[in-house]
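Structure file coords38.cif (mmCIF, C-alpha atoms and all ligand atoms) is printed below.
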```cif
data_final
#
loop_
_atom_site.label_atom_id
_atom_site.label_comp_id
_atom_site.auth_asym_id
_atom_site.auth_seq_id
_atom_site.Cartn_x
_atom_site.Cartn_y
_atom_site.Cartn_z
CA MET A 1 0.00 0.00 0.00
CA SER A 2 1.40 3.40 -0.89
CA LYS A 3 2.10 5.79 1.92
CA LEU A 4 -0.17 8.72 2.66
CA LYS A 5 1.39 12.04 1.85
CA VAL A 6 0.95 14.19 4.94
CA CYS A 7 2.09 17.78 4.91
CA VAL A 8 2.60 19.40 8.30
CA VAL A 9 2.17 23.17 8.14
CA CYS A 10 3.75 25.15 10.97
CA GLY A 11 4.96 28.54 12.17
CA GLY A 12 2.59 31.22 10.92
CA LYS A 13 1.89 34.89 11.29
CA SER A 14 0.69 34.78 14.86
CA ALA A 15 2.04 35.57 18.30
CA GLU A 16 1.96 31.78 18.77
CA HIS A 17 4.52 31.16 15.99
CA GLU A 18 7.05 29.53 18.35
CA VAL A 19 4.41 27.47 20.10
CA SER A 20 3.41 26.11 16.69
CA LEU A 21 7.01 25.13 15.94
CA LEU A 22 7.26 23.24 19.23
CA SER A 23 4.00 21.43 18.51
CA ALA A 24 4.96 20.66 14.91
CA ASN A 25 8.33 19.30 15.96
CA SER A 26 6.59 16.67 18.10
CA VAL A 27 4.14 15.83 15.34
CA LEU A 28 6.96 15.39 12.82
CA GLN A 29 8.89 13.14 15.19
CA ASN A 30 5.90 10.94 15.94
CA LEU A 31 4.25 10.47 12.57
CA ASP A 32 5.00 6.90 11.56
CA PRO A 33 7.40 7.02 8.55
CA GLU A 34 6.27 3.49 7.57
CA ARG A 35 2.80 4.79 7.15
CA TYR A 36 3.26 8.36 5.99
CA ASP A 37 5.33 10.19 3.45
CA ILE A 38 6.01 13.28 5.55
CA HIS A 39 6.41 16.80 4.15
CA THR A 40 6.86 20.07 6.00
CA VAL A 41 5.80 23.58 5.16
CA GLY A 42 6.87 26.45 7.38
CA ILE A 43 5.19 29.85 7.29
CA SER A 44 7.42 32.71 8.40
CA ARG A 45 6.28 35.46 10.73
CA SER A 46 5.88 37.73 7.71
CA GLY A 47 3.76 35.15 5.88
CA GLN A 48 6.23 33.65 3.38
CA TRP A 49 5.72 29.91 2.83
CA TYR A 50 8.68 27.53 2.62
CA ILE A 51 8.95 23.82 1.94
CA TYR A 52 11.71 21.80 3.56
CA GLU A 53 13.82 18.98 2.24
CA GLN A 54 15.34 18.51 5.68
CA GLN A 55 14.83 19.77 9.14
CA ALA A 56 12.34 22.64 9.23
CA ILE A 57 12.60 23.58 12.87
CA LEU A 58 15.74 24.67 14.71
CA HIS A 59 16.41 24.65 18.48
CA ALA A 60 13.27 22.63 19.05
CA ASP A 61 14.27 21.65 22.59
CA ASP A 62 14.55 25.25 23.70
CA PRO A 63 11.26 27.17 23.65
CA LYS A 64 13.15 30.47 23.90
CA GLN A 65 15.23 29.87 20.79
CA VAL A 66 13.03 27.75 18.57
CA CYS A 67 12.80 29.06 15.00
CA LEU A 68 12.16 28.06 11.41
CA ASN A 69 15.20 26.91 9.46
CA PRO A 70 16.04 29.72 6.98
CA GLU A 71 17.09 27.07 4.41
CA GLY A 72 13.59 26.35 3.12
CA ILE A 73 12.56 26.64 -0.53
CA PRO A 74 10.10 29.55 -1.01
CA ILE A 75 6.79 28.31 -2.31
CA THR A 76 3.35 29.57 -3.12
CA VAL A 77 0.04 27.82 -3.39
CA ASP A 78 -1.65 26.94 -6.64
CA LEU A 79 -5.40 26.48 -6.41
CA ARG A 80 -5.88 24.78 -9.78
CA PRO A 81 -7.53 21.36 -9.28
CA GLU A 82 -4.76 19.28 -10.86
CA SER A 83 -1.86 21.29 -9.47
CA SER A 84 0.50 20.09 -6.77
CA PHE A 85 -0.94 22.85 -4.53
CA LEU A 86 2.53 23.73 -3.21
CA VAL A 87 4.78 25.12 -5.93
CA ALA A 88 8.23 26.69 -5.89
CA VAL A 89 8.22 30.44 -6.40
CA LYS A 90 11.27 30.37 -8.68
CA GLY A 91 12.97 27.86 -10.92
CA ASP A 92 12.05 24.21 -11.35
CA ALA A 93 9.46 22.81 -9.07
CA LYS A 94 11.67 20.47 -7.10
CA LYS A 95 10.71 16.85 -6.79
CA ARG A 96 9.38 17.24 -3.28
CA ASN A 97 7.17 20.20 -3.90
CA ALA A 98 5.75 18.71 -7.07
CA VAL A 99 3.87 16.26 -4.86
CA ARG A 100 0.26 17.05 -4.09
CA PRO A 101 -0.23 16.16 -0.40
CA ASP A 102 -3.08 13.77 0.38
CA ILE A 103 -3.78 15.69 3.55
CA LEU A 104 -2.59 18.90 5.16
CA PHE A 105 -1.99 19.06 8.87
CA PRO A 106 -2.06 22.68 10.03
CA VAL A 107 -0.19 22.58 13.34
CA LEU A 108 -0.82 26.29 13.69
CA HIS A 109 -2.12 28.19 16.66
CA GLY A 110 -3.91 31.50 16.83
CA PRO A 111 -4.89 33.91 14.04
CA PHE A 112 -4.27 32.76 10.42
CA GLY A 113 -3.99 29.13 11.52
CA GLU A 114 -6.63 28.22 14.04
CA ASP A 115 -9.24 30.78 13.04
CA GLY A 116 -10.64 29.38 9.78
CA THR A 117 -8.51 31.44 7.41
CA ILE A 118 -6.06 28.73 6.33
CA GLN A 119 -8.88 26.19 6.50
CA GLY A 120 -10.70 28.38 3.92
CA LEU A 121 -7.65 28.25 1.69
CA PHE A 122 -7.56 24.44 1.94
CA GLU A 123 -11.26 24.27 1.13
CA MET A 124 -10.73 26.49 -1.92
CA ALA A 125 -8.07 24.05 -3.13
CA ASN A 126 -10.28 21.05 -2.33
CA MET A 127 -7.61 19.62 -0.05
CA ALA A 128 -8.27 17.31 2.89
CA TYR A 129 -6.96 18.67 6.19
CA VAL A 130 -6.77 17.79 9.85
CA GLY A 131 -9.03 19.56 12.32
CA THR A 132 -12.08 21.75 12.45
CA GLY A 133 -13.49 23.48 9.39
CA VAL A 134 -13.87 27.15 8.58
CA ALA A 135 -16.93 28.08 10.66
CA GLY A 136 -16.02 26.05 13.76
CA SER A 137 -12.45 27.35 13.73
CA ALA A 138 -13.58 30.97 13.40
CA MET A 139 -16.21 30.65 16.12
CA ALA A 140 -13.94 28.89 18.59
CA MET A 141 -11.10 31.33 17.96
CA ASP A 142 -13.20 34.30 18.98
CA LYS A 143 -13.75 34.10 22.74
CA VAL A 144 -16.74 36.45 22.57
CA VAL A 145 -18.50 34.49 19.81
CA THR A 146 -17.70 31.26 21.68
CA LYS A 147 -19.38 32.57 24.81
CA GLN A 148 -22.39 33.87 22.91
CA LEU A 149 -22.88 30.54 21.13
CA LEU A 150 -22.48 28.57 24.34
CA ALA A 151 -24.98 30.84 26.08
CA ILE A 152 -27.70 30.16 23.51
CA ASN A 153 -27.09 26.46 24.05
CA ASP A 154 -27.53 26.81 27.83
CA LEU A 155 -23.85 26.20 28.46
CA PRO A 156 -22.64 28.71 31.04
CA THR A 157 -19.41 30.71 30.94
CA ALA A 158 -18.02 33.44 33.25
CA ASP A 159 -19.90 36.76 33.11
CA PHE A 160 -18.27 39.21 30.72
CA LEU A 161 -18.38 42.41 28.72
CA TYR A 162 -16.66 43.03 25.44
CA CYS A 163 -15.38 46.16 23.75
CA VAL A 164 -14.42 46.97 20.18
CA ALA A 165 -11.72 49.52 19.35
CA GLY A 166 -13.18 52.68 17.86
CA LYS A 167 -16.68 51.71 18.95
CA ASN A 168 -17.01 51.34 22.72
CA ASP A 169 -13.39 51.08 23.82
CA GLN A 170 -13.80 53.77 26.45
CA GLN A 171 -16.06 51.44 28.46
CA ALA A 172 -13.11 49.09 28.91
CA TYR A 173 -11.24 51.76 30.86
CA ASN A 174 -14.22 52.57 33.09
CA TRP A 175 -13.43 50.84 36.37
CA ASP A 176 -16.74 51.81 38.00
CA LEU A 177 -18.77 50.46 35.10
CA LEU A 178 -16.81 47.18 34.99
CA THR A 179 -16.90 46.58 38.73
CA SER A 180 -20.62 47.38 38.97
CA LYS A 181 -21.31 44.63 36.42
CA LEU A 182 -18.56 42.10 37.09
CA GLY A 183 -17.05 42.79 40.50
CA SER A 184 -13.44 43.80 41.07
CA ASP A 185 -11.68 40.53 40.27
CA LEU A 186 -11.28 40.53 36.49
CA PHE A 187 -9.56 38.92 33.54
CA VAL A 188 -8.81 41.06 30.48
CA LYS A 189 -8.19 39.22 27.20
CA PRO A 190 -7.86 39.82 23.47
CA ALA A 191 -10.81 38.06 21.79
CA ASN A 192 -8.76 36.18 19.20
CA LEU A 193 -5.53 34.79 20.55
CA GLY A 194 -4.23 31.95 22.68
CA SER A 195 -1.34 30.77 24.85
CA SER A 196 -2.29 33.45 27.41
CA VAL A 197 -0.67 36.12 25.23
CA GLY A 198 -2.10 39.57 26.06
CA ILE A 199 -4.07 38.32 29.09
CA SER A 200 -4.01 40.08 32.48
CA HIS A 201 -5.57 39.38 35.83
CA VAL A 202 -6.72 42.73 37.22
CA GLN A 203 -7.75 43.29 40.81
CA ARG A 204 -6.91 46.98 41.23
CA GLN A 205 -8.06 50.05 39.37
CA ASP A 206 -4.42 51.12 38.89
CA ASP A 207 -3.71 48.00 36.82
CA LEU A 208 -6.68 48.33 34.49
CA LYS A 209 -5.30 50.76 31.91
CA SER A 210 -2.14 48.81 31.11
CA ALA A 211 -4.16 45.57 30.89
CA ILE A 212 -6.66 47.07 28.45
CA ASP A 213 -3.90 48.69 26.37
CA LEU A 214 -2.08 45.36 26.21
CA ALA A 215 -5.17 43.43 25.10
CA PHE A 216 -5.98 46.09 22.48
CA SER A 217 -2.42 45.87 21.16
CA TYR A 218 -3.23 42.30 20.03
CA ASP A 219 -6.84 42.61 18.92
CA ASN A 220 -9.48 45.19 18.08
CA LYS A 221 -11.95 43.22 20.16
CA ILE A 222 -11.28 42.44 23.80
CA LEU A 223 -13.27 40.96 26.65
CA ILE A 224 -13.33 41.62 30.35
CA GLU A 225 -14.44 38.64 32.39
CA LYS A 226 -15.35 38.02 35.97
CA ALA A 227 -12.58 35.91 37.53
CA VAL A 228 -13.78 32.44 38.47
CA ARG A 229 -12.76 31.09 41.85
CA GLY A 230 -12.46 27.36 41.64
CA ARG A 231 -10.61 24.54 39.92
CA GLU A 232 -9.56 24.46 36.26
CA PHE A 233 -10.02 21.37 34.05
CA VAL A 234 -9.35 20.33 30.49
CA CYS A 235 -10.60 17.45 28.36
CA GLY A 236 -9.30 16.18 25.04
CA LEU A 237 -11.98 15.61 22.42
CA ILE A 238 -11.81 13.98 19.02
CA GLY A 239 -14.51 13.12 16.52
CA ASN A 240 -16.56 14.47 13.67
CA LEU A 241 -20.23 13.91 14.33
CA LYS A 242 -20.06 12.99 18.02
CA PRO A 243 -16.88 13.58 19.98
CA GLU A 244 -15.12 11.08 22.15
CA VAL A 245 -14.13 12.87 25.37
CA THR A 246 -11.29 12.02 27.73
CA ARG A 247 -11.60 12.14 31.48
CA PRO A 248 -10.82 15.64 32.76
CA GLY A 249 -7.31 16.59 33.78
CA GLU A 250 -6.76 19.34 36.34
CA ILE A 251 -4.41 22.30 35.89
CA ILE A 252 -2.71 23.27 39.11
CA THR A 253 -0.23 26.11 38.72
CA THR A 254 2.09 27.91 41.09
CA HIS A 255 1.47 31.09 39.06
CA ASP A 256 -1.47 33.42 39.65
CA PHE A 257 -3.08 31.84 36.57
CA PHE A 258 -2.07 29.57 33.71
CA ASP A 259 0.04 32.20 31.94
CA TYR A 260 2.49 31.94 29.01
CA ASN A 261 5.50 31.19 31.21
CA ALA A 262 3.65 28.48 33.12
CA LYS A 263 2.59 26.99 29.78
CA TYR A 264 5.88 26.95 27.88
CA ILE A 265 8.86 28.31 29.75
CA GLU A 266 9.00 27.18 33.36
CA ASP A 267 8.99 23.43 33.78
CA LYS A 268 7.90 23.48 37.37
CA ALA A 269 5.06 26.00 37.20
CA LEU A 270 2.44 23.43 36.28
CA GLU A 271 1.15 20.29 37.81
CA PHE A 272 -1.28 18.49 35.57
CA VAL A 273 -3.29 15.81 37.30
CA VAL A 274 -4.97 13.40 34.94
CA PRO A 275 -7.42 11.93 35.55
CA ALA A 276 -8.36 14.69 37.98
CA ALA A 277 -9.36 13.81 41.53
CA LEU A 278 -13.10 14.28 41.16
CA ALA A 279 -16.20 12.38 42.13
CA GLU A 280 -17.35 10.15 39.27
CA ALA A 281 -20.60 12.09 38.81
CA ILE A 282 -18.83 15.46 38.39
CA GLN A 283 -16.31 13.91 36.04
CA THR A 284 -19.09 12.61 33.82
CA GLU A 285 -20.90 15.92 33.99
CA ILE A 286 -17.79 17.80 32.84
CA GLN A 287 -17.37 15.35 29.95
CA ASP A 288 -21.01 15.77 29.00
CA VAL A 289 -20.92 19.59 29.14
CA PHE A 290 -17.68 19.73 27.12
CA ALA A 291 -19.10 17.34 24.50
CA ARG A 292 -22.15 19.58 24.16
CA ALA A 293 -19.87 22.59 23.75
CA TYR A 294 -17.94 20.77 20.99
CA GLU A 295 -21.13 20.18 19.09
CA ALA A 296 -22.52 23.68 19.76
CA LEU A 297 -19.36 25.19 18.31
CA ASN A 298 -19.43 23.00 15.18
CA LEU A 299 -16.09 21.36 15.90
CA THR A 300 -14.65 18.39 14.04
CA GLY A 301 -11.38 16.48 14.21
CA LEU A 302 -10.03 17.49 17.57
CA ALA A 303 -10.21 20.10 20.30
CA ARG A 304 -9.21 20.68 23.86
CA ILE A 305 -11.97 22.23 25.89
CA ASP A 306 -11.13 24.03 29.12
CA GLY A 307 -13.37 25.08 31.95
CA PHE A 308 -13.79 25.70 35.64
CA LEU A 309 -15.65 24.12 38.50
CA GLU A 310 -16.74 27.16 40.45
CA ALA A 311 -16.02 26.66 44.14
CA GLU A 312 -19.00 28.52 45.55
CA THR A 313 -21.69 27.15 43.24
CA ASN A 314 -20.23 23.89 41.89
CA ARG A 315 -21.24 25.11 38.41
CA ILE A 316 -19.23 23.99 35.40
CA LEU A 317 -18.24 27.10 33.44
CA ILE A 318 -16.63 26.61 30.05
CA ASN A 319 -13.61 28.80 29.49
CA GLU A 320 -12.69 28.12 25.87
CA ALA A 321 -12.26 25.62 23.05
CA ASN A 322 -8.86 25.23 21.41
CA THR A 323 -9.22 23.74 17.95
CA MET A 324 -5.46 23.23 17.61
CA PRO A 325 -4.35 22.95 21.20
CA GLY A 326 -0.69 22.93 22.20
CA PHE A 327 0.31 19.66 20.59
CA THR A 328 3.67 18.48 21.82
CA ALA A 329 3.94 14.88 23.07
CA THR A 330 3.88 16.30 26.61
CA SER A 331 1.03 18.76 26.01
CA LEU A 332 -2.12 18.66 28.12
CA PHE A 333 -4.02 17.38 25.10
CA ALA A 334 -1.62 14.47 24.56
CA LYS A 335 -1.58 13.69 28.28
CA THR A 336 -5.36 13.49 28.56
CA TRP A 337 -5.32 10.89 25.78
CA GLN A 338 -2.34 8.99 27.17
CA ALA A 339 -4.24 8.65 30.45
CA GLN A 340 -7.03 7.16 28.38
CA GLY A 341 -4.65 4.60 26.85
CA VAL A 342 -4.26 6.38 23.49
CA SER A 343 -0.62 7.07 22.62
CA TYR A 344 0.50 10.25 20.87
CA SER A 345 1.16 8.37 17.60
CA GLN A 346 -2.25 6.70 17.75
CA LEU A 347 -3.79 10.11 18.33
CA LEU A 348 -2.08 11.44 15.21
CA ASP A 349 -3.36 8.46 13.18
CA ARG A 350 -6.88 9.01 14.44
CA ILE A 351 -7.11 12.72 13.74
CA ILE A 352 -5.62 12.24 10.27
CA LYS A 353 -8.30 9.62 9.58
CA LEU A 354 -10.97 12.01 10.86
CA GLY A 355 -9.65 14.69 8.50
CA PHE A 356 -10.10 12.34 5.54
CA GLU A 357 -13.57 11.33 6.64
CA GLN A 358 -14.63 14.94 6.94
CA HIS A 359 -13.26 15.67 3.47
CA GLN A 360 -15.05 12.67 1.98
CA ARG A 361 -18.29 13.76 3.58
CA ALA A 362 -17.92 17.16 1.88
CA GLN A 363 -17.16 15.50 -1.49
CA ARG A 364 -20.57 13.88 -1.50
CA LEU A 365 -22.27 17.26 -1.63
CA ARG A 366 -23.32 18.98 -4.80
CA CYS A 367 -21.72 22.37 -5.41
N1 LIG B 1 -12.48 34.19 34.02
C1 LIG B 1 -11.38 33.57 34.49
N2 LIG B 1 -11.30 33.22 35.79
C2 LIG B 1 -10.19 32.61 36.30
N3 LIG B 1 -9.12 32.30 35.56
C3 LIG B 1 -9.12 32.61 34.26
C4 LIG B 1 -10.27 33.25 33.66
N4 LIG B 1 -9.99 33.43 32.34
C5 LIG B 1 -8.78 32.93 32.14
N5 LIG B 1 -8.23 32.44 33.27
C6 LIG B 1 -6.89 31.85 33.43
O1 LIG B 1 -6.08 32.32 32.37
C7 LIG B 1 -5.66 31.24 31.51
C8 LIG B 1 -5.62 31.70 30.07
O2 LIG B 1 -6.91 32.17 29.67
P1 LIG B 1 -7.64 31.61 28.38
O3 LIG B 1 -8.97 32.26 28.31
O4 LIG B 1 -7.63 30.13 28.42
O5 LIG B 1 -6.76 32.16 27.21
P2 LIG B 1 -5.83 31.45 26.13
O6 LIG B 1 -6.68 31.29 24.91
O7 LIG B 1 -4.75 32.46 25.90
O8 LIG B 1 -5.36 30.15 26.69
C9 LIG B 1 -6.66 30.13 31.81
O9 LIG B 1 -6.09 28.88 31.53
C10 LIG B 1 -6.93 30.35 33.30
O10 LIG B 1 -5.87 29.83 34.11
MG MG B 2 -6.59 28.65 27.40
#
```
Would you mind writing the file out in C-alpha cells?
Amino acid sequence: MSKLKVCVVCGGKSAEHEVSLLSANSVLQNLDPERYDIHTVGISRSGQWYIYEQQAILHADDPKQVCLNPEGIPITVDLRPESSFLVAVKGDAKKRNAVRPDILFPVLHGPFGEDGTIQGLFEMANMAYVGTGVAGSAMAMDKVVTKQLLAINDLPTADFLYCVAGKNDQQAYNWDLLTSKLGSDLFVKPANLGSSVGISHVQRQDDLKSAIDLAFSYDNKILIEKAVRGREFVCGLIGNLKPEVTRPGEIITTHDFFDYNAKYIEDKALEFVVPAALAEAIQTEIQDVFARAYEALNLTGLARIDGFLEAETNRILINEANTMPGFTATSLFAKTWQAQGVSYSQLLDRIIKLGFEQHQRAQRLRC
C-alpha cells in the first residue's frame, strides 16, 4: 500500500509562531514514517511559505530559541484542481514540492492558523486537512463568539463584557462600570488569541489601563471577564459527528493563573493531574458539558476544551475551546489521551483519519 502524503504546516503569522514550531516538531517526530510520506511547510512570521527537504525547525528543545530553518525553498500555493498545490516560487518545481499532499496538517495556533482562514484556503483548493473546518475554527477562535454561542445552548461561561476599538473602547477603561457589572476581580483578554498572550488578571483600578492597552495591542476586540474562583479542568476531544471525550485533567499552577510562562517556559510551574481527583458524577458531567460545547461550536477532528468548576456554586463554566491545542507529546491534550490509553502516535493516526472522513463527507455534496 502506498504511503499517505501528509504535509505538516507550521509557524505562521501569529504571536503563537514559536508554540506552533514546538507542537509541529513533536508531530513530525511521531508520525509513523512506515505509514506516511512526511512533508513540512513552514510559514514565516511575515507570511512567506517555505517547503523543507530537511529539518524545518531549529532549536526545538529550547522554547526560547526555537525558529524556522532559513534554508527552506520559497513556495506559493496553486489552487488549480490538478496542481500540486505547493509550488516553488522560482525555478524548477523540485521533486518534493511537485507532490500534491493527500492531507494537510495545520499545526498552527492563533490567528491565520486556528481561526478558519487557512482552512478556507484548503477548502478552496479542495484539499483534505486535519481539524475543524472554517466556521467552527472561526467561532472557537473568537472568545466572545464562543461565549455567545455557548450561552444560547444553555452552556454557562463566566460573566463578561466586550469592547471593540473605535466603537465602545472607552467602556473598557471605566473601572466603576466594569466593577458594577462584574465585581473587582477581572480577567482582560484579546478576543482572538491563545497561549495566554495579552491576558491580564486585574484586581486593582491602577492596573486596568495597562491591561486594556495590552489586550488592544493584540486585537481590536477584547473581553473583560469576571474571575472564576475554583478549579480548572481540560478534556481532550476527538470526533466528527459525536466527539469522544477524555476524562478531565486538572491544571494546578504555582502562578497566579495559567500564563504563558507556566505553559511553555517554566517546567515546574504546572502540575497536571490526569485523571483529575473528582467524584465520578462530576467527572461525567464535565465530559457531557464539554461534548455539548464541541457540538454547539461546530467542531470536528479534535479540540481541547477548558473550563472551571466554580467553588461557591459547583457550576461547570466553560472557558474556551482550542481547535489546535498545544500539541507536543507532553502537552495537556496528549496527556489526557495517554491517560485514556491512546498514545501520541495513535492520536495522530486518528485525527488524520478524521480529516479524511470529513473531506469525503464534503465530497458527496453537490456544489
Ligand atoms: N475568568 C477567568 N477566571 C479565572 N481564571 C481565568 C479566567 N480566564 C482565564 N483564566 C486563566 O487564564 C488562563 C488563560 O486564559 P484563556 O482564556 O484560556 O486564554 P488562552 O486562549 O490564551 O489560553 C486560563 O487557563 C486560566 O488559568
Ligand atoms: Mg486557554
Collect all residues with atoms no farther than 8 Å from ligand LIG 1 (chain B), counting all atoms listed in the file, and output them as a ChimeraX atom specification.
/A:143,158-159,186-189,192-199,201,225-230,232,251,256-260,306,308,319-320,322
Output of the above residues as a PDB file, in the frame of the given file, restricted to C-alpha atoms:
```
ATOM      1  CA  LYS A 143     -13.750  34.100  22.740  1.00  0.00           C
ATOM      2  CA  ALA A 158     -18.020  33.440  33.250  1.00  0.00           C
ATOM      3  CA  ASP A 159     -19.900  36.760  33.110  1.00  0.00           C
ATOM      4  CA  LEU A 186     -11.280  40.530  36.490  1.00  0.00           C
ATOM      5  CA  PHE A 187      -9.560  38.920  33.540  1.00  0.00           C
ATOM      6  CA  VAL A 188      -8.810  41.060  30.480  1.00  0.00           C
ATOM      7  CA  LYS A 189      -8.190  39.220  27.200  1.00  0.00           C
ATOM      8  CA  ASN A 192      -8.760  36.180  19.200  1.00  0.00           C
ATOM      9  CA  LEU A 193      -5.530  34.790  20.550  1.00  0.00           C
ATOM     10  CA  GLY A 194      -4.230  31.950  22.680  1.00  0.00           C
ATOM     11  CA  SER A 195      -1.340  30.770  24.850  1.00  0.00           C
ATOM     12  CA  SER A 196      -2.290  33.450  27.410  1.00  0.00           C
ATOM     13  CA  VAL A 197      -0.670  36.120  25.230  1.00  0.00           C
ATOM     14  CA  GLY A 198      -2.100  39.570  26.060  1.00  0.00           C
ATOM     15  CA  ILE A 199      -4.070  38.320  29.090  1.00  0.00           C
ATOM     16  CA  HIS A 201      -5.570  39.380  35.830  1.00  0.00           C
ATOM     17  CA  GLU A 225     -14.440  38.640  32.390  1.00  0.00           C
ATOM     18  CA  LYS A 226     -15.350  38.020  35.970  1.00  0.00           C
ATOM     19  CA  ALA A 227     -12.580  35.910  37.530  1.00  0.00           C
ATOM     20  CA  VAL A 228     -13.780  32.440  38.470  1.00  0.00           C
ATOM     21  CA  ARG A 229     -12.760  31.090  41.850  1.00  0.00           C
ATOM     22  CA  GLY A 230     -12.460  27.360  41.640  1.00  0.00           C
ATOM     23  CA  GLU A 232      -9.560  24.460  36.260  1.00  0.00           C
ATOM     24  CA  ILE A 251      -4.410  22.300  35.890  1.00  0.00           C
ATOM     25  CA  ASP A 256      -1.470  33.420  39.650  1.00  0.00           C
ATOM     26  CA  PHE A 257      -3.080  31.840  36.570  1.00  0.00           C
ATOM     27  CA  PHE A 258      -2.070  29.570  33.710  1.00  0.00           C
ATOM     28  CA  ASP A 259       0.040  32.200  31.940  1.00  0.00           C
ATOM     29  CA  TYR A 260       2.490  31.940  29.010  1.00  0.00           C
ATOM     30  CA  ASP A 306     -11.130  24.030  29.120  1.00  0.00           C
ATOM     31  CA  PHE A 308     -13.790  25.700  35.640  1.00  0.00           C
ATOM     32  CA  ASN A 319     -13.610  28.800  29.490  1.00  0.00           C
ATOM     33  CA  GLU A 320     -12.690  28.120  25.870  1.00  0.00           C
ATOM     34  CA  ASN A 322      -8.860  25.230  21.410  1.00  0.00           C
TER      35      ASN A 322
END
```
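Reported to one decimal place, the separation of CA of Val273 (chain A) from CA of Ile252 (chain A) is 7.7 Å.
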Please identify all polymer residues within 7 Å of Leu86 (chain A), counting all atoms listed in the file, omitting same-chain residues fewer than 3 positions from it, and present them as a PyMOL selection string.
chain A and resi 75-78+97
Determine, counting only C-alpha atoms, which protein, DNA and RNA residues have an atom within 12 Å of an atom of Gln171 (chain A); residues of the same chain fewer than 3 positions away are not included. Present the result as a short mmCIF file (atom, residue, chain, number, x, y, z; two decimals) with C-alpha atoms, in the frame of the given file.
```
data_model
loop_
_atom_site.label_atom_id
_atom_site.label_comp_id
_atom_site.auth_asym_id
_atom_site.auth_seq_id
_atom_site.Cartn_x
_atom_site.Cartn_y
_atom_site.Cartn_z
CA LEU A 161 -18.38 42.41 28.72
CA TYR A 162 -16.66 43.03 25.44
CA CYS A 163 -15.38 46.16 23.75
CA VAL A 164 -14.42 46.97 20.18
CA ALA A 165 -11.72 49.52 19.35
CA GLY A 166 -13.18 52.68 17.86
CA LYS A 167 -16.68 51.71 18.95
CA ASN A 168 -17.01 51.34 22.72
CA ASN A 174 -14.22 52.57 33.09
CA TRP A 175 -13.43 50.84 36.37
CA ASP A 176 -16.74 51.81 38.00
CA LEU A 177 -18.77 50.46 35.10
CA LEU A 178 -16.81 47.18 34.99
CA THR A 179 -16.90 46.58 38.73
CA LYS A 181 -21.31 44.63 36.42
CA LEU A 208 -6.68 48.33 34.49
CA LYS A 209 -5.30 50.76 31.91
CA ILE A 212 -6.66 47.07 28.45
CA ILE A 222 -11.28 42.44 23.80
CA LEU A 223 -13.27 40.96 26.65
CA ILE A 224 -13.33 41.62 30.35
#
```
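Shortest atom-to-atom contact with Gln54 (chain A) among A:Asp349, A:Lys242, A:His359, A:Gly72: A:Gly72, counting all atoms listed in the file.
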With 4 Å added on each side, what axis-aligned box encloses every listed atom of region 177-181 of chain A? Give the centre and edge lengths in Å to one decimal, as lines of an AutoDock Vina configuration file.
```
center_x = -19.1
center_y = 47.5
center_z = 37.0
size_x = 12.5
size_y = 13.8
size_z = 12.0
```
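Between CA of Tyr50 (chain A) and CA of Leu22 (chain A) lies a distance of 17.2 Å.
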Which residues are close to Val6 (chain A), i.e. within 8 Å by all atoms listed in the file, leaving aside same-chain residues fewer than 5 positions away? Reply as a VMD selection string.
chain A and resid 36 to 39 101 to 105
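Of the residues under consideration (A:Gly131, A:Gly355, A:Gly326, A:Pro63), A:Gly326 shows the shortest atom-to-atom contact distance to ligand MG 2 (chain B) when counting all atoms listed in the file.
Every protein or nucleic acid residue with an atom no more than 8 Å from region 279-294 of chain A, counting all atoms listed in the file and leaving out same-chain residues fewer than 3 positions away, appears here: Leu150, Leu155, Cys235, Leu237, Lys242, Pro243, Glu244, Val245, Thr246, Arg247, Pro248, Leu297, Asn298, Leu299, Ala303, Ile305, Ile316, Ile318 and Ala321 of chain A.
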Using all atoms listed in the file, which residues sit within 9 Å of Leu108 (chain A) once same-chain residues fewer than 3 positions away are excluded, as a compact mmCIF listing (two decimals) with C-alpha atoms, keeping the file's coordinate frame?
```
# COMPACT_ATOMS: atom_id res chain seq x y z
CA VAL A 9 2.17 23.17 8.14
CA CYS A 10 3.75 25.15 10.97
CA GLY A 11 4.96 28.54 12.17
CA GLY A 12 2.59 31.22 10.92
CA SER A 14 0.69 34.78 14.86
CA GLU A 16 1.96 31.78 18.77
CA HIS A 17 4.52 31.16 15.99
CA VAL A 19 4.41 27.47 20.10
CA SER A 20 3.41 26.11 16.69
CA LEU A 21 7.01 25.13 15.94
CA SER A 23 4.00 21.43 18.51
CA ALA A 24 4.96 20.66 14.91
CA PHE A 105 -1.99 19.06 8.87
CA PRO A 111 -4.89 33.91 14.04
CA PHE A 112 -4.27 32.76 10.42
CA GLY A 113 -3.99 29.13 11.52
CA GLU A 114 -6.63 28.22 14.04
CA MET A 324 -5.46 23.23 17.61
CA PRO A 325 -4.35 22.95 21.20
```
Measuring between only C-alpha atoms and all ligand atoms, which one of A:Thr254, A:Ile51, A:Glu271, A:His109 shows the shortest distance to ligand MG 2 (chain B)?
A:His109
For CA of Leu317 (chain A) and CA of Ile238 (chain A), determine how far apart the two atoms are, in Å to one decimal place.
20.5 Å
Give the answer as one residue: which of A:Lys147, A:Arg350, A:Lys263, A:Arg315 has the shortest atom-to-atom distance to ligand MG 2 (chain B), using all atoms listed in the file?
A:Lys263
Residues around (11.3, 29.8, -0.7), cut-off 12 Å, counting all atoms listed in the file - what are they as number ranges by chain?
A: 41-44, 47-53, 69-77, 86-91, 93-94, 97
Could you please fill out region 312-316 of chain A with N, CA and C atoms and send it back as a tab-separated table (two decimals), keeping the file's coordinate frame?
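Everything below was put into rebuild_7.tsv:
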```tsv
chain	number	residue	atom	x	y	z
A	312	GLU	N	-17.83	28.13	44.75
A	312	GLU	CA	-19.00	28.52	45.55
A	312	GLU	C	-20.27	27.81	45.10
A	313	THR	N	-20.41	27.65	43.78
A	313	THR	CA	-21.69	27.15	43.24
A	313	THR	C	-21.63	25.72	42.72
A	314	ASN	N	-20.42	25.19	42.53
A	314	ASN	CA	-20.23	23.89	41.89
A	314	ASN	C	-20.70	23.86	40.44
A	315	ARG	N	-20.85	25.06	39.83
A	315	ARG	CA	-21.24	25.11	38.41
A	315	ARG	C	-20.03	24.82	37.52
A	316	ILE	N	-20.29	24.18	36.39
A	316	ILE	CA	-19.23	23.99	35.40
A	316	ILE	C	-19.32	25.16	34.42
```
